file start-v1.cif (mmCIF, C-alpha atoms)
data_my_file
#
loop_
_atom_site.label_atom_id
_atom_site.label_comp_id
_atom_site.auth_asym_id
_atom_site.auth_seq_id
_atom_site.Cartn_x
_atom_site.Cartn_y
_atom_site.Cartn_z
CA MET U 136 -10.36 70.91 105.30
CA ASN U 137 -7.15 70.59 103.29
CA ARG U 138 -7.41 72.36 100.00
CA ILE U 139 -5.96 71.13 96.71
CA ARG U 140 -2.86 73.15 95.87
CA VAL U 141 -2.97 74.35 92.27
CA GLY U 142 0.02 75.48 90.26
CA ILE U 143 0.06 77.26 86.92
CA ALA U 144 2.87 76.88 84.41
CA GLY U 145 2.82 79.93 82.18
CA PHE U 146 1.31 83.34 82.82
CA GLY U 147 -0.10 84.48 79.49
CA ALA U 148 -3.73 85.27 78.77
CA ILE U 149 -5.05 81.90 79.92
CA GLY U 150 -2.76 81.59 82.93
CA GLN U 151 -3.66 85.04 84.17
CA SER U 152 -7.39 84.45 83.72
CA VAL U 153 -7.31 81.16 85.62
CA ALA U 154 -5.12 82.66 88.36
CA LYS U 155 -7.52 85.56 88.83
CA SER U 156 -10.49 83.20 89.17
CA LEU U 157 -8.73 80.90 91.64
CA ASP U 158 -7.57 83.90 93.68
CA ALA U 159 -11.19 85.05 93.86
CA GLY U 160 -12.20 81.66 95.26
CA VAL U 161 -14.60 80.70 92.45
CA VAL U 162 -13.70 77.00 92.82
CA PRO U 163 -14.19 75.83 96.43
CA GLY U 164 -11.59 73.49 97.83
CA LEU U 165 -8.76 74.76 95.63
CA ALA U 166 -5.94 77.15 96.50
CA LEU U 167 -3.65 78.89 94.03
CA ALA U 168 -0.25 77.89 95.41
CA ALA U 169 2.36 78.76 92.79
CA ILE U 170 2.93 80.15 89.30
CA ALA U 171 5.93 79.23 87.16
CA VAL U 172 7.36 81.98 84.95
CA ARG U 173 10.70 82.81 83.34
CA ASP U 174 11.44 85.65 85.74
CA PRO U 175 9.76 85.22 89.16
CA LEU U 176 10.97 88.61 90.43
CA ARG U 177 9.09 90.42 87.67
CA HIS U 178 5.72 89.52 89.22
CA ALA U 179 6.64 89.74 92.90
CA ALA U 180 4.72 92.99 93.47
CA MET U 181 1.38 91.83 92.04
CA ALA U 182 -1.69 92.44 94.18
CA TRP U 183 -3.95 89.52 95.15
CA GLN U 184 -7.31 89.21 96.90
CA GLY U 185 -6.25 86.20 98.95
CA GLN U 186 -2.90 84.75 99.92
CA ALA U 187 -0.36 85.53 97.23
CA PRO U 188 0.91 82.55 95.27
CA LEU U 189 4.62 81.91 95.09
CA PHE U 190 6.22 82.84 91.78
CA THR U 191 8.86 80.33 90.84
CA THR U 192 10.53 78.70 87.85
CA ILE U 193 9.32 75.55 86.11
CA ASP U 194 11.89 73.48 87.98
CA GLY U 195 10.56 74.69 91.34
CA LEU U 196 6.85 74.14 90.66
CA GLU U 197 6.24 70.46 91.41
CA PRO U 198 6.93 70.40 95.19
CA LEU U 199 4.50 73.27 95.75
CA CYS U 200 1.45 71.76 94.04
CA ASP U 201 -0.96 68.82 93.91
CA VAL U 202 -2.20 69.63 90.41
CA VAL U 203 -0.59 71.79 87.73
CA ILE U 204 -2.20 73.63 84.83
CA GLU U 205 0.09 73.69 81.79
CA CYS U 206 -0.50 76.80 79.68
CA ALA U 207 3.02 77.52 78.49
CA PRO U 208 4.73 77.31 75.08
CA ALA U 209 4.86 73.77 73.71
CA ALA U 210 8.67 73.93 73.68
CA VAL U 211 8.78 73.53 77.48
CA PHE U 212 5.97 70.98 77.73
CA GLY U 213 8.21 68.05 78.67
CA GLN U 214 10.07 70.09 81.27
CA ILE U 215 6.75 70.90 82.94
CA ALA U 216 5.08 67.52 82.62
CA LYS U 217 7.76 65.03 83.67
CA PRO U 218 8.20 66.14 87.31
CA ILE U 219 4.44 66.37 87.86
CA LEU U 220 3.53 63.02 86.35
CA GLY U 221 6.65 61.37 87.75
CA THR U 222 5.43 62.05 91.28
CA GLY U 223 1.93 60.72 90.60
CA LYS U 224 0.21 64.09 90.41
CA LYS U 225 -2.36 65.53 88.02
CA LEU U 226 -1.48 67.68 85.01
CA VAL U 227 -4.11 69.76 83.18
CA VAL U 228 -2.81 70.04 79.62
CA LEU U 229 -3.66 72.85 77.21
CA SER U 230 -0.81 72.14 74.77
CA SER U 231 -2.41 68.83 73.82
CA GLY U 232 -0.55 68.90 70.51
CA ALA U 233 2.68 68.42 72.44
CA LEU U 234 1.41 65.07 73.71
CA LEU U 235 1.87 63.68 70.21
CA SER U 236 5.62 64.24 70.41
CA HIS U 237 5.80 63.03 74.03
CA PRO U 238 3.89 59.72 74.10
CA GLU U 239 6.20 58.52 76.85
CA LEU U 240 4.44 60.88 79.25
CA ILE U 241 1.27 58.81 79.07
CA GLU U 242 3.27 55.74 80.05
CA LEU U 243 4.94 57.71 82.84
CA ALA U 244 1.54 58.74 84.21
CA ARG U 245 0.38 55.13 84.07
CA ALA U 246 3.48 53.85 85.85
CA LYS U 247 3.50 56.47 88.61
CA GLY U 248 -0.25 56.87 89.15
CA GLY U 249 -0.39 60.36 87.67
CA GLN U 250 -3.11 61.66 85.39
CA ILE U 251 -3.19 63.85 82.30
CA LEU U 252 -6.38 65.90 82.03
CA VAL U 253 -7.19 67.51 78.67
CA PRO U 254 -9.94 70.16 78.93
CA SER U 255 -12.40 70.65 76.09
CA GLY U 256 -10.88 74.09 75.65
CA ALA U 257 -12.25 75.96 72.65
CA VAL U 258 -14.05 72.98 71.11
CA LEU U 259 -17.23 71.16 72.09
CA GLY U 260 -18.64 67.66 72.05
CA LEU U 261 -15.68 65.71 73.44
CA ASP U 262 -18.08 63.97 75.83
CA ALA U 263 -20.14 62.60 72.92
CA LEU U 264 -16.99 61.73 70.99
CA THR U 265 -15.42 59.76 73.85
CA ALA U 266 -18.72 57.92 74.31
CA ALA U 267 -18.87 57.05 70.60
CA ALA U 268 -15.26 55.82 70.79
CA GLU U 269 -16.39 53.07 73.16
CA GLY U 270 -18.06 51.64 70.05
CA VAL U 271 -16.89 52.06 66.45
CA ILE U 272 -16.27 55.48 64.89
CA HIS U 273 -16.17 55.46 61.10
CA SER U 274 -14.96 59.02 60.53
CA VAL U 275 -14.25 62.33 62.24
CA THR U 276 -13.85 65.54 60.26
CA MET U 277 -13.03 68.90 61.80
CA ILE U 278 -13.30 72.18 59.89
CA THR U 279 -11.65 75.17 61.53
CA ARG U 280 -12.19 78.73 60.32
CA LYS U 281 -10.15 81.55 61.80
CA PRO U 282 -9.68 85.29 61.30
CA VAL U 283 -6.53 86.01 59.33
CA ARG U 284 -4.77 87.56 62.34
CA GLY U 285 -5.18 84.31 64.27
CA LEU U 286 -3.14 82.36 61.70
CA LEU U 287 -0.43 84.81 60.78
CA GLY U 288 3.05 83.52 61.53
CA ALA U 289 2.09 79.83 61.57
CA PRO U 290 5.15 77.71 60.63
CA TYR U 291 3.19 75.79 57.99
CA LEU U 292 2.27 78.98 56.16
CA GLU U 293 5.79 80.35 56.27
CA LYS U 294 7.38 77.06 55.20
CA ASN U 295 5.06 76.74 52.21
CA GLY U 296 5.15 80.41 51.24
CA ILE U 297 1.44 80.93 51.85
CA ASP U 298 0.64 84.64 52.27
CA ILE U 299 -2.82 85.25 53.69
CA SER U 300 -2.33 88.87 54.74
CA GLY U 301 -4.15 90.25 51.72
CA ILE U 302 -6.84 87.65 51.06
CA THR U 303 -10.39 88.89 50.45
CA GLU U 304 -12.25 85.56 50.47
CA PRO U 305 -12.21 82.47 52.71
CA THR U 306 -9.15 80.43 51.77
CA LEU U 307 -8.35 76.79 52.52
CA VAL U 308 -4.77 76.80 53.81
CA PHE U 309 -4.45 73.24 55.12
CA ARG U 310 -6.05 69.81 54.75
CA GLY U 311 -4.50 66.87 56.54
CA THR U 312 -4.33 65.31 59.99
CA PRO U 313 -4.13 66.80 63.47
CA ARG U 314 -0.66 65.26 63.83
CA GLU U 315 0.54 67.32 60.87
CA ALA U 316 -1.28 70.42 62.10
CA ALA U 317 0.29 70.14 65.56
CA VAL U 318 3.65 70.80 63.89
CA GLY U 319 2.52 73.33 61.31
CA PHE U 320 0.13 75.31 63.54
CA PRO U 321 1.42 74.77 67.12
CA ALA U 322 -0.27 77.88 68.55
CA ASN U 323 -3.61 77.29 66.87
CA LEU U 324 -4.76 73.69 66.66
CA ASN U 325 -4.53 72.05 70.06
CA VAL U 326 -8.31 71.68 69.78
CA ALA U 327 -7.89 69.44 66.73
CA VAL U 328 -5.50 67.19 68.65
CA SER U 329 -7.96 67.03 71.55
CA VAL U 330 -10.72 65.97 69.14
CA SER U 331 -8.47 63.29 67.69
CA LEU U 332 -7.45 61.95 71.11
CA ALA U 333 -11.10 61.71 72.13
CA GLY U 334 -12.04 59.89 68.94
CA ILE U 335 -10.06 57.85 66.38
CA GLY U 336 -6.59 59.27 66.83
CA PRO U 337 -4.40 61.96 65.25
CA ASP U 338 -3.70 60.02 62.03
CA ARG U 339 -7.26 59.02 61.08
CA THR U 340 -8.99 62.33 61.85
CA THR U 341 -9.39 64.74 58.94
CA LEU U 342 -8.74 68.44 59.50
CA GLU U 343 -9.33 71.48 57.32
CA ILE U 344 -8.10 74.95 58.23
CA TRP U 345 -9.58 78.02 56.56
CA ALA U 346 -8.41 81.62 56.83
CA ASP U 347 -11.44 83.89 56.61
CA PRO U 348 -11.01 87.69 56.40
CA HIS U 349 -14.69 88.19 57.22
CA LEU U 350 -14.59 86.41 60.58
CA GLU U 351 -14.11 87.92 64.02
CA ARG U 352 -14.43 84.63 65.92
CA ASN U 353 -12.61 81.31 65.76
CA THR U 354 -15.06 78.68 64.50
CA HIS U 355 -14.76 74.90 64.80
CA ARG U 356 -17.15 72.37 63.27
CA VAL U 357 -16.82 68.66 64.06
CA VAL U 358 -18.68 65.99 62.09
CA VAL U 359 -18.77 62.42 63.42
CA ASP U 360 -20.12 59.19 61.92
CA SER U 361 -20.17 56.14 64.20
CA ASP U 362 -22.09 52.93 64.84
CA SER U 363 -23.90 54.55 67.77
CA ALA U 364 -24.71 58.01 66.40
CA SER U 365 -24.02 60.50 63.65
CA PHE U 366 -23.65 64.06 64.88
CA SER U 367 -22.16 67.45 64.09
CA MET U 368 -21.22 70.31 66.37
CA GLU U 369 -20.13 73.89 65.80
CA ILE U 370 -18.76 76.52 68.14
CA GLN U 371 -17.90 80.18 67.52
CA ASN U 372 -15.38 81.37 70.08
CA ILE U 373 -14.88 84.93 71.22
CA PRO U 374 -11.11 85.56 71.17
CA SER U 375 -9.23 86.38 74.35
CA GLU U 376 -6.50 89.00 74.55
CA ASN U 377 -4.52 86.51 72.48
CA PRO U 378 -6.32 86.21 69.10
CA LYS U 379 -5.14 82.61 68.78
CA THR U 380 -7.07 81.57 71.91
CA GLY U 381 -10.78 81.75 72.79
CA ARG U 382 -12.06 83.10 76.09
CA ILE U 383 -13.85 79.83 76.79
CA THR U 384 -10.51 78.02 77.09
CA ALA U 385 -9.77 79.45 80.54
CA LEU U 386 -13.34 78.71 81.63
CA SER U 387 -12.89 75.12 80.46
CA VAL U 388 -9.89 74.81 82.77
CA LEU U 389 -11.99 76.00 85.71
CA ALA U 390 -14.66 73.42 84.82
CA VAL U 391 -12.03 70.66 84.94
CA LEU U 392 -10.74 71.89 88.30
CA ARG U 393 -14.26 72.04 89.72
CA LYS U 394 -14.70 68.35 88.92
CA LEU U 395 -11.68 67.46 91.05
CA SER U 396 -13.57 68.05 94.28
CA GLY U 397 -17.13 69.06 93.36
CA PRO U 398 -20.10 67.11 94.75
CA LEU U 399 -21.73 66.83 91.29
CA ARG U 400 -20.17 66.01 87.93
CA VAL U 401 -22.25 66.48 84.77
CA GLY U 402 -21.17 65.02 81.46
CA THR U 403 -19.06 62.06 80.46
#

call {"tool": "encode", "arguments": {"input": "start-v1.cif", "output": "structure tokens"}}
result
Amino acid sequence: MNRIRVGIAGFGAIGQSVAKSLDAGVVPGLALAAIAVRDPLRHAAMAWQGQAPLFTTIDGLEPLCDVVIECAPAAVFGQIAKPILGTGKKLVVLSSGALLSHPELIELARAKGGQILVPSGAVLGLDALTAAAEGVIHSVTMITRKPVRGLLGAPYLEKNGIDISGITEPTLVFRGTPREAAVGFPANLNVAVSVSLAGIGPDRTTLEIWADPHLERNTHRVVVDSDSASFSMEIQNIPSENPKTGRITALSVLAVLRKLSGPLRVGT
């Protein structure tokens, strides 16, 4: 049986976790074919359980893969996405915030028969939200609370002179839309963009971001009011090696990949 060739663009905490799982064969029918990094030679000596993937650059990734997982800095999002979608392939997107500045990629996928897949990542309830969006959603509010270290260095904080390094109480640092947050907090709030894309869009969704010195886990609460249901959901994520990203994000990618060829799909 031909296996689906999977490529990974970016080899940080998430990329390495997904690569390790695919190498171990946890998702039947998939093969880790290639990994795009800045310096392919740097990783040439890595040890693998199965057949070693080919390390390449972003420009060399598309011919080697059937589906690509994007887990790289948002600055190179377009460079990764265009070749994949332009050849009618599937792209698993973690930098969902970058989609807001590249709407043409959705049209490219439509024209070429490609597909953009956005995992739930570190948030929950996107299945219920997409179902509610088939009717009428009145409002969506997301409240994110993060440990201080997970927000340090965010462009929004630096631009507005907001110093959270010495706070002793939970502090509201942002209230606005996911579109605004995608620019001001590019490493933190892809989950908010995902929520907005599943529901009423990045300009009608309300987002609050709190810095909390007492927290150890990233927490997201989503409150939805619609004509079919009113519901709220909260998740507390255990951080990965990167404090800006939860461990469940990499697992969410594996769940998406499993649905590509699995005999049973659960959830909307």

call {"tool": "resolve_selection", "arguments": {"input": "start-v1.cif", "expression": "the PyMOL selection byres ((chain U and resi 341) around 12)", "output": "number ranges by chain"}}
result
U: 273-279, 309-316, 327-328, 330-331, 334-340, 342-344, 356-359

call {"tool": "residues_around", "arguments": {"input": "start-v1.cif", "residues": "Ala233 of chain U", "least_positions_apart": "5", "cutoff": "8 Å", "atoms": "only C-alpha atoms", "output": "list of chain:residue names"}}
result
U:Ala209, U:Phe212, U:Ala317

call {"tool": "write_last_selection", "arguments": {"input": "start-v1.cif", "atoms": "C-alpha atoms", "output": "mmCIF file, keeping the file's coordinate frame"}}
result
data_model
loop_
_atom_site.group_PDB
_atom_site.id
_atom_site.type_symbol
_atom_site.label_atom_id
_atom_site.label_comp_id
_atom_site.auth_asym_id
_atom_site.auth_seq_id
_atom_site.Cartn_x
_atom_site.Cartn_y
_atom_site.Cartn_z
ATOM 1 C CA ALA U 209 4.860 73.770 73.710
ATOM 2 C CA PHE U 212 5.970 70.980 77.730
ATOM 3 C CA ALA U 317 0.290 70.140 65.560
#

call {"tool": "atom_distance", "arguments": {"input": "start-v1.cif", "atom1": "atom CA of Gly164 of chain U", "atom2": "atom CA of Lys247 of chain U"}}
result
24.5 Å

call {"tool": "atom_distance", "arguments": {"input": "start-v1.cif", "atom1": "atom CA of Ser387 of chain U", "atom2": "atom CA of Gly256 of chain U"}}
result
5.3 Å

call {"tool": "atom_distance", "arguments": {"input": "start-v1.cif", "atom1": "atom CA of Ala171 of chain U", "atom2": "atom CA of Thr191 of chain U"}}
result
4.8 Å

call {"tool": "closest_residue", "arguments": {"input": "start-v1.cif", "among": "U:Val258, U:Val202, U:Ala159, U:Ala322", "to": "Gly285 of chain U", "atoms": "all atoms listed in the file"}}
result
U:Ala322

call {"tool": "resolve_selection", "arguments": {"input": "start-v1.cif", "expression": "the PyMOL selection byres ((chain U and resi 174) around 12)", "output": "list in words"}}
result
Gly145, Phe146, Ile170, Ala171, Val172, Arg173, Pro175, Leu176, Arg177, His178, Ala179, Phe190, Thr191, Thr192 and Ile193 of chain U

call {"tool": "resolve_selection", "arguments": {"input": "start-v1.cif", "expression": "the PyMOL selection byres ((chain U and resi 219) around 10)", "output": "ChimeraX atom specification"}}
result
/U:196-198,200-203,214-218,220-226,244,247,249-251

call {"tool": "closest_residue", "arguments": {"input": "start-v1.cif", "among": "U:Ser396, U:Ser365, U:Thr403, U:Asn325", "to": "Ala257 of chain U", "atoms": "all atoms listed in the file"}}
result
U:Asn325

call {"tool": "residues_around", "arguments": {"input": "start-v1.cif", "residues": "Ala263 of chain U", "least_positions_apart": "5", "cutoff": "9 Å", "atoms": "all atoms listed in the file", "output": "VMD selection string"}}
result
chain U and resid 268 366 402 to 403

call {"tool": "write_last_selection", "arguments": {"input": "start-v1.cif", "atoms": "C-alpha atoms", "output": "mmCIF file, in the coordinates of the input"}}
result
data_model
loop_
_atom_site.group_PDB
_atom_site.id
_atom_site.type_symbol
_atom_site.label_atom_id
_atom_site.label_comp_id
_atom_site.auth_asym_id
_atom_site.auth_seq_id
_atom_site.Cartn_x
_atom_site.Cartn_y
_atom_site.Cartn_z
ATOM 1 C CA ALA U 268 -15.260 55.820 70.790
ATOM 2 C CA PHE U 366 -23.650 64.060 64.880
ATOM 3 C CA GLY U 402 -21.170 65.020 81.460
ATOM 4 C CA THR U 403 -19.060 62.060 80.460
#

call {"tool": "closest_residue", "arguments": {"input": "start-v1.cif", "among": "U:Ile383, U:Val271, U:Ala346, U:Leu389", "to": "Ala364 of chain U", "atoms": "all atoms listed in the file"}}
result
U:Val271

call {"tool": "residues_around", "arguments": {"input": "start-v1.cif", "residues": "Val401 of chain U", "least_positions_apart": "4", "cutoff": "12 Å", "atoms": "only C-alpha atoms", "output": "PyMOL selection string"}}
result
chain U and resi 262+390-391+393-394+397

call {"tool": "closest_residue", "arguments": {"input": "start-v1.cif", "among": "U:Gly260, U:Pro321, U:Pro305, U:Pro254", "to": "Pro208 of chain U", "atoms": "all atoms listed in the file"}}
result
U:Pro321

call {"tool": "closest_residue", "arguments": {"input": "start-v1.cif", "among": "U:Ala385, U:Ala207, U:Ala333, U:Val253", "to": "Thr265 of chain U", "atoms": "only C-alpha atoms"}}
result
U:Ala333

call {"tool": "residues_around", "arguments": {"input": "start-v1.cif", "residues": "Leu165 of chain U", "least_positions_apart": "3", "cutoff": "8 Å", "atoms": "only C-alpha atoms", "output": "PyMOL selection string"}}
result
chain U and resi 138-141+157+160+162

call {"tool": "axis_aligned_box", "arguments": {"input": "start-v1.cif", "around": "segment 290-300 of chain U", "padding_each_side": "5 Å", "output": "lines of an AutoDock Vina configuration file"}}
result
center_x = 2.3
center_y = 82.3
center_z = 55.9
size_x = 20.2
size_y = 23.1
size_z = 19.4

call {"tool": "closest_residue", "arguments": {"input": "start-v1.cif", "among": "U:Ile143, U:Val227, U:Val211, U:Ile149", "to": "Leu189 of chain U", "atoms": "all atoms listed in the file"}}
result
U:Ile143
